[in-house]
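Take a look at the structure below.
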Amino acid sequence: MTLRYEWARVCREMSKDQWELAGFTDSEGRVGKDVPFGRVIVPGTIELVEDTLHWEFEGTAKAVEISRSTLSDFVSLWRESPSAILRFARKWGVLVIQTCGTNGTTFRPCGEAISLGDDPIEAWRYFSHRAFAVLNIAAALKQGKLGDLDDWRLIASDCTKDAMRVADEQHRYGLGWHLFERPFNKQQSIDEAHRVVAREIQMWLSSWKGMRMRGLSDFVVTWSGSRWELRVDYHGFLFAAIALQLALSIAGADSLFSCSGCGVPYIRGVKKPKPGTDNYCAKCSRNGVAQRRAVDSYREIRGEAARLQLAGTPLTEIALRLNRSVQQIRKWCDDKRVDAPVNGGASRSKKIGSRKRK
């Protein structure tokens with residue numbers, strides 16, 4: 001057992017080196033990406049019963065936000081012990097495996113309208129190993145190579161009858177598999193390999209939606225208090241979150257954010273914005289939306305400072321309310337003129353401070 005886990009550690013380290021070369025990881029070696037607002041539901045009860053995880057949503061279920069470490073931890077589970085998979089599930093949620101079809105031998109994740117169930121440990125290892133292989137293949141393609149045949153065998157098969165029968169038995173958890181004509185070797189076209197990986201990612205993103213009656217959209221419209229926003233929606237499912245994380249990693253996207261200007265989710269190529277600050281997509285930035293919003297926000301804050309100062313509010317309290325330093329508020333007051341809105345409309349310059357009586 002010790003040798004097995006030591007070999008698993010070596011495999012992970014070798015793969016992480018390749019992922020780093022491909023640009024899939026961050027400075028801490030994590031392969032996941034930031035996706036604001038996306039949350040999954042962790043069942044209140046998750047127990048290891050023989051070779052399955054038994055879970056129930058009733059009780060102390062909780063919503064958690066996916067982090068950069070989620071995908072990194074997930075792709076390592078295929079060589080981990082059942083207890084390690086249990087710890088992961090208690091932190092990030094379950095696959096919600098549901099039987100589909102009439103023979104009871106095929107399954108899919110993200111089961112619909114069920115409050116309790118059992119996830120086979122085999123299913124966890126299957127999805128984890130497949131995601132691990134996809135990252136390896138994509139990393140190799142980034143370097144102009146086809147990748148390891150052992151990784152390709154986890155997602156593809158040739159067209160012989162026996163091979164396809166084995167593939168059907170192996171891929172019974174809803175993802176399906178890709179077909180290659182024999183022989184499958186390293187002479188396969190690099191371009192075709194890229195297309196196969198693209199189809200693979202699409203399968204991760206869409207396969208769990210088959211035969212569902214609801215929860216088909218990847219987005220939800222919410223009211224933020226000032227405007228409508230389009231946000232990522234996992235419908236509470238861990239698998240949906242893993243699929244998007246995998247897609248973002250393969251695409252080389254640093255993160256997915258909701259634009260503060262147009263409200264549409266976009267892939268952010270620059271560094272992550274600070275929490276609580278506005279961020280804008282490339283189109284809104286080009287159109288000057290960010291600059292106009294910044295000017296409007298600045299004028300609004302100065303206008304509020306003017307109203308509070310005229311009402312006799314101490315500078316320290318103004319600074320606290322507006323989340324500004326006392327020095328900044330004092331500087332505005334020393335200028336003797338701040339922008340104050342007139343009748344809720346456009347702003348005008350208004351003197352503050354003492355006034356002489358006529």
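Please note that chains go A, B, ... in the order of the structure tokens, that every chain numbers its residues from 1, and that ligands are numbered from 1 in the order shown.
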### Query
When DSSP works through the backbone of this structure, what residues of stretch 78-230 of chain A end up as alpha helix (DSSP H), shown as a PyMOL selection string?
chain A and resi 82-92+121-142+149-152+161-170+190-206
### Query
Skipping near chain neighbours, those fewer than 5 positions away, what residues fall within 7 Å of A:Leu205 using only C-alpha atoms, listed as a PyMOL selection string?
chain A and resi 240+243-244
### Message
If I take atom CA of A:Pro314 and atom CA of A:Cys333, how far is one from the other in Å, to one decimal?
### Response
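Distance reported for this atom pair: 11.5 Å.
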### Query
Excluding same-chain residues fewer than 2 positions from A:Arg125, what lies within 10 Å of it counting only C-alpha atoms, as a PyMOL selection string?
chain A and resi 74-82+85+120-123+127-131
## Note on the structure
Students should find that atom CA of A:Ser260 and atom CA of A:Val289 are spaced 9.3 Å
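Of note, atom CA of A:Asp118 and atom CA of A:His54 are spaced 4.4 Å apart.
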### Task
Check stretch 89-211 of chain A with DSSP on the backbone and list each residue it calls strand (DSSP E or B), as a list in words.
Gln98, Thr99, Cys100, Thr106, Phe107, Arg108, Leu116, Gly117, Asp118, Asp119, Pro120, Ala156, Ser157, Asp158, His178, Leu179 and Phe180 of chain A
Deliver the residues from the most recent selection as a file, using N, CA and C atoms, as a PDB file, in the first residue's frame.
```
ATOM      1  N   GLN A  98     -26.724   8.904 -10.520  1.00  0.00           N
ATOM      2  CA  GLN A  98     -28.084   8.400 -10.679  1.00  0.00           C
ATOM      3  C   GLN A  98     -28.114   7.351 -11.784  1.00  0.00           C
ATOM      4  N   THR A  99     -28.857   6.277 -11.551  1.00  0.00           N
ATOM      5  CA  THR A  99     -29.006   5.232 -12.566  1.00  0.00           C
ATOM      6  C   THR A  99     -29.872   5.743 -13.710  1.00  0.00           C
ATOM      7  N   CYS A 100     -29.464   5.436 -14.938  1.00  0.00           N
ATOM      8  CA  CYS A 100     -30.271   5.813 -16.096  1.00  0.00           C
ATOM      9  C   CYS A 100     -30.400   4.599 -17.015  1.00  0.00           C
ATOM     10  N   THR A 106     -25.975   1.602 -16.444  1.00  0.00           N
ATOM     11  CA  THR A 106     -25.390   2.876 -16.856  1.00  0.00           C
ATOM     12  C   THR A 106     -25.839   3.966 -15.885  1.00  0.00           C
ATOM     13  N   PHE A 107     -24.979   4.957 -15.729  1.00  0.00           N
ATOM     14  CA  PHE A 107     -25.216   5.980 -14.719  1.00  0.00           C
ATOM     15  C   PHE A 107     -24.845   7.350 -15.280  1.00  0.00           C
ATOM     16  N   ARG A 108     -25.165   8.366 -14.515  1.00  0.00           N
ATOM     17  CA  ARG A 108     -24.764   9.723 -14.864  1.00  0.00           C
ATOM     18  C   ARG A 108     -24.644  10.536 -13.579  1.00  0.00           C
ATOM     19  N   LEU A 116     -31.241  11.794  -1.588  1.00  0.00           N
ATOM     20  CA  LEU A 116     -30.241  10.905  -1.007  1.00  0.00           C
ATOM     21  C   LEU A 116     -29.816   9.893  -2.059  1.00  0.00           C
ATOM     22  N   GLY A 117     -28.632   9.320  -1.874  1.00  0.00           N
ATOM     23  CA  GLY A 117     -28.148   8.367  -2.864  1.00  0.00           C
ATOM     24  C   GLY A 117     -26.786   7.816  -2.501  1.00  0.00           C
ATOM     25  N   ASP A 118     -26.207   7.092  -3.458  1.00  0.00           N
ATOM     26  CA  ASP A 118     -24.910   6.455  -3.252  1.00  0.00           C
ATOM     27  C   ASP A 118     -24.015   6.703  -4.461  1.00  0.00           C
ATOM     28  N   ASP A 119     -22.823   7.213  -4.208  1.00  0.00           N
ATOM     29  CA  ASP A 119     -21.816   7.410  -5.257  1.00  0.00           C
ATOM     30  C   ASP A 119     -20.780   6.295  -5.160  1.00  0.00           C
ATOM     31  N   PRO A 120     -20.675   5.436  -6.167  1.00  0.00           N
ATOM     32  CA  PRO A 120     -19.637   4.397  -6.123  1.00  0.00           C
ATOM     33  C   PRO A 120     -18.236   5.016  -6.099  1.00  0.00           C
ATOM     34  N   ALA A 156     -10.565   7.255 -25.221  1.00  0.00           N
ATOM     35  CA  ALA A 156     -10.808   6.853 -26.604  1.00  0.00           C
ATOM     36  C   ALA A 156     -10.654   5.348 -26.796  1.00  0.00           C
ATOM     37  N   SER A 157     -11.129   4.889 -27.962  1.00  0.00           N
ATOM     38  CA  SER A 157     -11.021   3.482 -28.334  1.00  0.00           C
ATOM     39  C   SER A 157     -10.884   3.394 -29.849  1.00  0.00           C
ATOM     40  N   ASP A 158     -10.399   2.252 -30.343  1.00  0.00           N
ATOM     41  CA  ASP A 158     -10.408   2.058 -31.795  1.00  0.00           C
ATOM     42  C   ASP A 158     -11.755   1.467 -32.199  1.00  0.00           C
ATOM     43  N   HIS A 178     -14.412   8.543 -27.254  1.00  0.00           N
ATOM     44  CA  HIS A 178     -14.096   8.971 -28.615  1.00  0.00           C
ATOM     45  C   HIS A 178     -13.599   7.781 -29.424  1.00  0.00           C
ATOM     46  N   LEU A 179     -13.889   7.796 -30.709  1.00  0.00           N
ATOM     47  CA  LEU A 179     -13.528   6.695 -31.595  1.00  0.00           C
ATOM     48  C   LEU A 179     -12.354   7.083 -32.484  1.00  0.00           C
ATOM     49  N   PHE A 180     -11.347   6.201 -32.515  1.00  0.00           N
ATOM     50  CA  PHE A 180     -10.203   6.389 -33.401  1.00  0.00           C
ATOM     51  C   PHE A 180     -10.057   5.167 -34.300  1.00  0.00           C
TER      52      PHE A 180
END
```
### Query
With only C-alpha atoms as the basis for distance, which of A:Ser189, A:Ser27, A:Ser67, A:Ser115 is at the shortest distance from A:Val94?
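Going through A:Ser189, A:Ser27, A:Ser67, A:Ser115 one by one, the smallest distance to A:Val94 is for A:Ser115.
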For A:Phe24, please output as a PDB file with C-alpha atoms, in the first residue's frame all residues within 8 Å (counting only C-alpha atoms; exclusion window: fewer than 5 positions along the same chain).
```
ATOM      1  CA  TRP A  19       0.953  21.256 -16.409  1.00  0.00           C
ATOM      2  CA  VAL A  31      -4.688  23.940 -11.652  1.00  0.00           C
ATOM      3  CA  ALA A 139      -0.368  19.837 -21.679  1.00  0.00           C
ATOM      4  CA  SER A 249      -7.776  25.296 -17.411  1.00  0.00           C
ATOM      5  CA  ILE A 250      -7.581  23.787 -20.904  1.00  0.00           C
ATOM      6  CA  GLY A 252      -5.783  28.871 -20.547  1.00  0.00           C
TER       7      GLY A 252
END
```
